[in-house]
Each structure stands twice: as structure tokens, then as C-alpha cells.
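Engineer: Sharing work_22.cif here; it has mmCIF, C-alpha atoms.
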data_final
#
loop_
_atom_site.label_atom_id
_atom_site.label_comp_id
_atom_site.auth_asym_id
_atom_site.auth_seq_id
_atom_site.Cartn_x
_atom_site.Cartn_y
_atom_site.Cartn_z
CA MET A 672 11.69 7.99 -0.92
CA ASN A 673 13.07 9.72 2.17
CA LEU A 674 14.45 8.35 5.43
CA ARG A 675 11.16 8.69 7.29
CA LYS A 676 9.25 6.62 4.73
CA SER A 677 12.03 4.03 4.64
CA LEU A 678 11.96 3.68 8.42
CA LEU A 679 8.16 3.40 8.37
CA LEU A 680 8.35 0.57 5.82
CA ILE A 681 11.02 -1.21 7.86
CA ALA A 682 8.95 -0.84 11.05
CA ILE A 683 5.83 -2.26 9.39
CA VAL A 684 7.69 -5.29 8.00
CA LEU A 685 9.38 -5.95 11.36
CA LEU A 686 6.11 -5.61 13.25
CA VAL A 687 4.21 -8.02 10.99
CA ASP A 688 7.15 -10.43 10.93
CA GLN A 689 7.63 -10.57 14.69
CA ILE A 690 3.92 -10.69 15.54
CA SER A 691 3.45 -13.63 13.15
CA LYS A 692 6.48 -15.46 14.57
CA ILE A 693 5.53 -14.93 18.21
CA TYR A 694 1.96 -16.03 17.48
CA ILE A 695 3.14 -19.22 15.79
CA LYS A 696 5.70 -19.94 18.50
CA THR A 697 3.14 -19.51 21.30
CA ASN A 698 0.24 -21.32 19.62
CA PHE A 699 1.79 -24.16 17.59
CA ILE A 700 3.82 -27.23 18.48
CA LEU A 701 6.89 -27.74 16.29
CA GLY A 702 5.77 -29.52 13.11
CA GLU A 703 2.09 -28.66 13.59
CA SER A 704 0.26 -27.36 10.52
CA VAL A 705 -3.06 -25.83 9.55
CA THR A 706 -4.41 -26.05 6.00
CA VAL A 707 -5.69 -22.68 4.78
CA PHE A 708 -6.15 -23.76 1.17
CA SER A 709 -5.04 -26.92 -0.61
CA TRP A 710 -2.07 -24.95 -1.94
CA PHE A 711 -1.30 -22.94 1.23
CA LYS A 712 -0.55 -24.18 4.73
CA ILE A 713 0.69 -22.71 7.99
CA LEU A 714 3.46 -25.11 8.99
CA PHE A 715 5.61 -24.37 12.02
CA ILE A 716 9.28 -25.25 11.62
CA GLU A 717 12.47 -23.76 13.03
CA ASN A 718 15.52 -23.00 10.96
CA GLU A 719 18.89 -23.31 12.69
CA GLY A 720 20.89 -22.49 9.59
CA ALA A 721 20.98 -20.30 6.52
CA ALA A 722 18.73 -20.43 3.46
CA TRP A 723 16.63 -23.60 3.17
CA GLY A 724 17.94 -24.77 6.56
CA THR A 725 21.53 -25.29 5.39
CA LYS A 726 23.99 -25.56 8.30
CA LEU A 727 27.65 -24.58 8.20
CA SER A 728 28.38 -27.84 10.04
CA ASP A 729 27.05 -29.67 6.98
CA ILE A 730 29.77 -28.01 4.90
CA LEU A 731 32.66 -27.41 7.31
CA PRO A 732 34.22 -29.72 9.94
CA ILE A 733 32.77 -27.78 12.89
CA SER A 734 30.12 -28.44 15.53
CA ASP A 735 26.50 -27.34 15.13
CA SER A 736 26.89 -24.78 17.93
CA SER A 737 30.02 -23.27 16.37
CA GLY A 738 28.34 -23.13 12.98
CA LYS A 739 25.32 -21.40 14.50
CA LEU A 740 27.49 -18.82 16.26
CA ILE A 741 29.47 -18.07 13.09
CA LEU A 742 26.28 -17.70 11.08
CA THR A 743 24.70 -15.31 13.60
CA VAL A 744 27.85 -13.16 13.73
CA PHE A 745 27.94 -13.10 9.92
CA ARG A 746 24.29 -11.97 9.89
CA LEU A 747 25.18 -9.15 12.29
CA PHE A 748 27.94 -7.89 10.00
CA ALA A 749 25.59 -8.24 7.01
CA ILE A 750 22.84 -6.20 8.65
CA VAL A 751 25.35 -3.44 9.49
CA GLY A 752 26.52 -3.41 5.87
CA ILE A 753 22.99 -3.32 4.48
CA GLY A 754 22.06 -0.60 6.96
CA TYR A 755 24.98 1.56 5.86
CA TRP A 756 24.09 0.96 2.20
CA LEU A 757 20.53 2.09 2.86
CA TYR A 758 21.69 5.20 4.71
CA ASP A 759 24.14 6.03 1.95
CA ILE A 760 21.67 5.73 -0.95
CA ILE A 761 19.11 7.85 0.91
CA ARG A 762 21.75 10.49 1.62
CA LYS A 763 22.80 10.52 -2.04
CA GLY A 764 19.23 10.78 -3.33
CA ALA A 765 19.07 7.41 -5.07
CA SER A 766 15.96 6.27 -6.89
CA ARG A 767 12.82 5.46 -4.91
CA THR A 768 12.88 1.96 -6.38
CA LEU A 769 16.36 1.28 -5.02
CA ILE A 770 15.57 2.70 -1.58
CA PHE A 771 12.32 0.72 -1.42
CA ALA A 772 14.07 -2.52 -2.37
CA VAL A 773 16.99 -2.09 0.04
CA SER A 774 14.57 -1.11 2.82
CA LEU A 775 12.76 -4.42 2.31
CA ILE A 776 16.04 -6.36 2.32
CA PHE A 777 17.18 -4.60 5.48
CA ALA A 778 13.86 -5.19 7.24
CA GLY A 779 13.89 -8.89 6.33
CA ALA A 780 17.47 -9.39 7.43
CA PHE A 781 16.77 -7.53 10.67
CA GLY A 782 13.67 -9.64 11.33
CA ASN A 783 15.60 -12.89 11.07
CA ILE A 784 18.54 -11.64 13.12
CA ILE A 785 16.14 -10.88 15.98
CA ASP A 786 15.23 -14.58 16.03
CA SER A 787 18.86 -15.67 15.90
CA LEU A 788 19.94 -13.32 18.67
CA PHE A 789 17.10 -13.42 21.17
CA TYR A 790 14.64 -16.28 20.64
CA GLY A 791 16.93 -18.75 22.40
CA LEU A 792 16.78 -16.49 25.46
CA ILE A 793 13.05 -15.75 25.62
CA PHE A 794 11.39 -19.00 24.48
CA ASN A 795 11.49 -22.56 25.74
CA ASP A 796 11.61 -25.52 23.38
CA SER A 797 8.69 -26.10 20.98
CA SER A 798 9.07 -29.87 20.64
CA ASN A 799 5.94 -31.65 21.91
CA GLN A 800 4.69 -28.45 23.55
CA VAL A 801 3.60 -24.90 22.84
CA ALA A 802 6.44 -22.55 23.76
CA THR A 803 6.15 -19.89 26.46
CA LEU A 804 7.30 -16.32 25.88
CA PHE A 805 9.78 -15.05 28.50
CA THR A 806 10.15 -18.50 29.96
CA SER A 807 12.34 -19.38 32.92
CA GLU A 808 13.71 -22.35 30.94
CA PRO A 809 15.02 -20.96 27.62
CA TYR A 810 16.09 -23.44 24.97
CA GLY A 811 19.31 -21.63 24.08
CA GLY A 812 21.23 -18.46 24.68
CA LEU A 813 22.23 -15.19 23.08
CA PHE A 814 23.29 -15.81 19.43
CA TYR A 815 21.77 -19.31 19.47
CA GLY A 816 18.13 -18.66 18.59
CA LYS A 817 16.31 -20.49 15.82
CA VAL A 818 14.48 -18.65 13.03
CA VAL A 819 10.74 -19.33 12.98
CA ASP A 820 9.24 -20.26 9.59
CA MET A 821 5.59 -20.91 8.85
CA LEU A 822 4.51 -20.06 5.27
CA TYR A 823 4.22 -23.17 3.11
CA PHE A 824 2.88 -23.23 -0.44
CA PRO A 825 2.70 -26.83 -1.77
CA ILE A 826 1.08 -25.62 -4.99
CA ILE A 827 1.78 -29.02 -6.53
CA ASP A 828 1.82 -32.02 -4.19
CA THR A 829 1.82 -35.28 -6.09
CA ARG A 830 3.99 -38.23 -7.15
CA TRP A 831 6.01 -38.76 -10.28
CA PRO A 832 4.47 -41.34 -12.62
CA GLU A 833 6.01 -44.78 -12.18
CA TRP A 834 7.32 -44.77 -15.75
CA VAL A 835 9.56 -41.70 -15.20
CA PRO A 836 13.22 -42.84 -14.98
CA LEU A 837 15.05 -42.42 -11.64
CA VAL A 838 12.22 -40.52 -9.84
CA GLY A 839 9.20 -42.65 -10.75
CA GLY A 840 6.85 -43.05 -7.78
CA GLN A 841 8.67 -40.47 -5.65
CA ILE A 842 6.93 -37.49 -4.10
CA PHE A 843 7.07 -34.24 -6.08
CA ARG A 844 6.21 -30.93 -4.41
CA PHE A 845 6.32 -27.42 -5.77
CA PHE A 846 6.92 -25.06 -3.93
CA GLU A 847 8.45 -26.97 -0.98
CA PRO A 848 10.49 -24.46 1.11
CA VAL A 849 8.87 -23.07 4.28
CA PHE A 850 9.60 -19.40 4.93
CA ASN A 851 8.44 -16.32 6.87
CA ILE A 852 7.54 -12.65 6.36
CA ALA A 853 11.17 -11.57 6.71
CA ASP A 854 12.23 -14.01 3.98
CA THR A 855 9.43 -12.67 1.80
CA ALA A 856 10.68 -9.10 2.26
CA ILE A 857 14.24 -10.09 1.36
CA SER A 858 13.13 -12.04 -1.72
CA THR A 859 10.86 -9.20 -2.85
CA GLY A 860 13.63 -6.64 -2.45
CA VAL A 861 16.13 -8.76 -4.37
CA GLY A 862 13.51 -9.46 -7.04
CA ILE A 863 12.90 -5.74 -7.50
CA LEU A 864 16.62 -5.11 -7.93
CA ILE A 865 16.83 -7.83 -10.57
CA VAL A 866 13.66 -7.08 -12.54
CA PHE A 867 13.81 -3.29 -12.28
CA ASN A 868 17.59 -3.00 -12.35
CA LYS A 869 17.83 0.05 -14.63
CA LYS A 870 15.08 1.89 -12.79
CA ALA A 871 16.53 1.04 -9.40
CA PHE A 872 20.05 2.21 -10.12
CA GLY A 873 19.03 5.39 -11.91
CA THR A 874 18.85 8.55 -9.82
CA SER A 875 15.71 10.31 -8.67
CA GLU A 876 16.59 13.14 -11.05
CA ASP A 877 16.79 10.70 -13.97
CA GLN A 878 13.31 9.37 -13.23
CA GLU A 879 11.91 12.91 -12.98
CA VAL A 880 13.40 13.78 -16.38
CA LYS A 881 11.96 10.63 -17.98
CA SER A 882 8.51 11.35 -16.51
#
Once you've parsed the file, please lay out its structure as C-alpha cells.

Structural biologist:
Amino acid sequence: MNLRKSLLLIAIVLLVDQISKIYIKTNFILGESVTVFSWFKILFIENEGAAWGTKLSDILPISDSSGKLILTVFRLFAIVGIGYWLYDIIRKGASRTLIFAVSLIFAGAFGNIIDSLFYGLIFNDSSNQVATLFTSEPYGGLFYGKVVDMLYFPIIDTRWPEWVPLVGGQIFRFFEPVFNIADTAISTGVGILIVFNKKAFGTSEDQEVKS
């Protein structure tokens, strides 16, 4: 997989990711949902933190704004590191599997960093209203944007039987996290590296010999 194909893949993921986020942001009120199937919903939420909405301020004795700034700066350094890794493996002729996986991870990370950097500047708040793109009343500033999530798969949505110790009668949902296209790209890329580890970290020449 060469640089041109890698860039094409990244561009496609970014385009789909950003179009879906902008559509949700400009057509849904925060918390609004649409049921596609019983096991799949479009649910608009905003993520101010890291994975699963975790905030640094929940872990460290810092303010929410400071935690958000630190997280965004960390994401910037991470995207630079992933970008260099991608460039390096392409230059060295790494396997197509590895380049494909890292391209997905880079595209996903880039998609979410766009939200974190710019969405606070170009959108107004989504609470109790549909947001406006390029508003004159932005909800935040540079580095303080919130990541838009919308894909929700409550494949199982039920309650534990009353007789189950500790959790009896409580709601049980699987799969509960809400995510986006960028998250999907990152998870897919990481999954490929884990499942196809030997194939990914072999060289293109090794794969040609085996075939």
C-alpha cells in the first residue's frame, strides 16, 4: 500500500466522519435520538473527555477546562507521532496490512482532533436547540471543542432478574458506549494490529514470498 492509497483512505474516513458529525450537530438537539432498528440508534451526545467520556478532572485535582486543554494538546502530540509512524512504515515498505491499519488509526485520531480543536469555535451550544454552523456565538474556543458521538448499539437492553445478587432489577445494556466514525476507524485499526499481528508486522517482501 503506497502513500497515495493511504492518503485516499484517510481522506475518505475524514470526509465521512466530519459530514456525519456536522449533520448530527446541525439537525439534532443534544440528547435527541432516532431509532433505526431495535438494536441500533442514532443518539447525539458530546464527549468532553477521552474514551467513554472520561475526564482528566475526574482523575486529577484540576479544573474541567484545564483537563480539556491538556487532553487536546496530548491528542495533538499523539497525531503527530502516529503521522510520523505512518510515513516511516510507508517509506520502509512495511506490509499493506500494517499501513492500512495505521492509516485507519491516524484518520480516526485526526477526525476527533478536528472536533476538539475547532468545534468550539464554529458551533453554538446544542442544549435545547439545534446548533448553527459558523455561528456568531460559539460555545467554546480553540482547543475546547467537544467530540460529537452518535452511533449507539443497545443490542441487549433489559433488566437483570430480581433474584440476581447485587444487580437484580437494575438495567443491563450491551453495547452501551456511544461513538462515531472516527472511533470506529481507530478501533478497527487497532483490532487489525491485534488479530493480524504477524501479517501486519511482516514486510511486503515476506508476504510476496509466502504467496

Engineer: State, in Å with one decimal place, the distance from atom CA of Ala772 of chain A to atom CA of Gly752 of chain A.

Structural biologist: 15.0 Å

Engineer: For each of A:Ile852, A:Val818, A:Ile700, A:Leu788, take the minimum atom-to-atom distance to Ile776 of chain A, counting only C-alpha atoms, then give the residue where this is smallest.

Structural biologist: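 Nearest to Ile776 of chain A: A:Ile852.
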
Engineer: Please tabulate, as a tab-separated table, the residues of segment 775-853 of chain A that come within 7 Å of segment 708-715 of chain A, each with its closest pair of atoms and the distance in Å to one decimal, counting all atoms listed in the file and ordering rows by chain, then residue number upward.

Structural biologist:
residue	atom	partner	partner_atom	distance
A:Asp820	CA	A:Phe715	CA	6.0
A:Met821	CA	A:Phe715	CA	4.7
A:Leu822	CA	A:Ile713	CA	5.4
A:Tyr823	CA	A:Lys712	CA	5.1
A:Phe824	CA	A:Phe711	CA	4.5
A:Pro825	CA	A:Trp710	CA	5.1
A:Ile826	CA	A:Trp710	CA	4.4

Engineer: Of the candidates A:Lys817, A:Arg762, A:Lys870, A:Lys739, which shows the shortest atom-to-atom distance to Phe794 of chain A, using all atoms listed in the file?

Structural biologist: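 Closest candidate: A:Lys817.
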
Engineer: Which centre and which edge lengths, in Å to one decimal, describe the axis-aligned box that holds all listed atoms of segment 815-821 of chain A after 3 Å is added on each side, as AutoDock Vina command-line options?

Structural biologist:
--center_x 13.7 --center_y -19.8 --center_z 14.2 --size_x 22.2 --size_y 8.3 --size_z 16.6
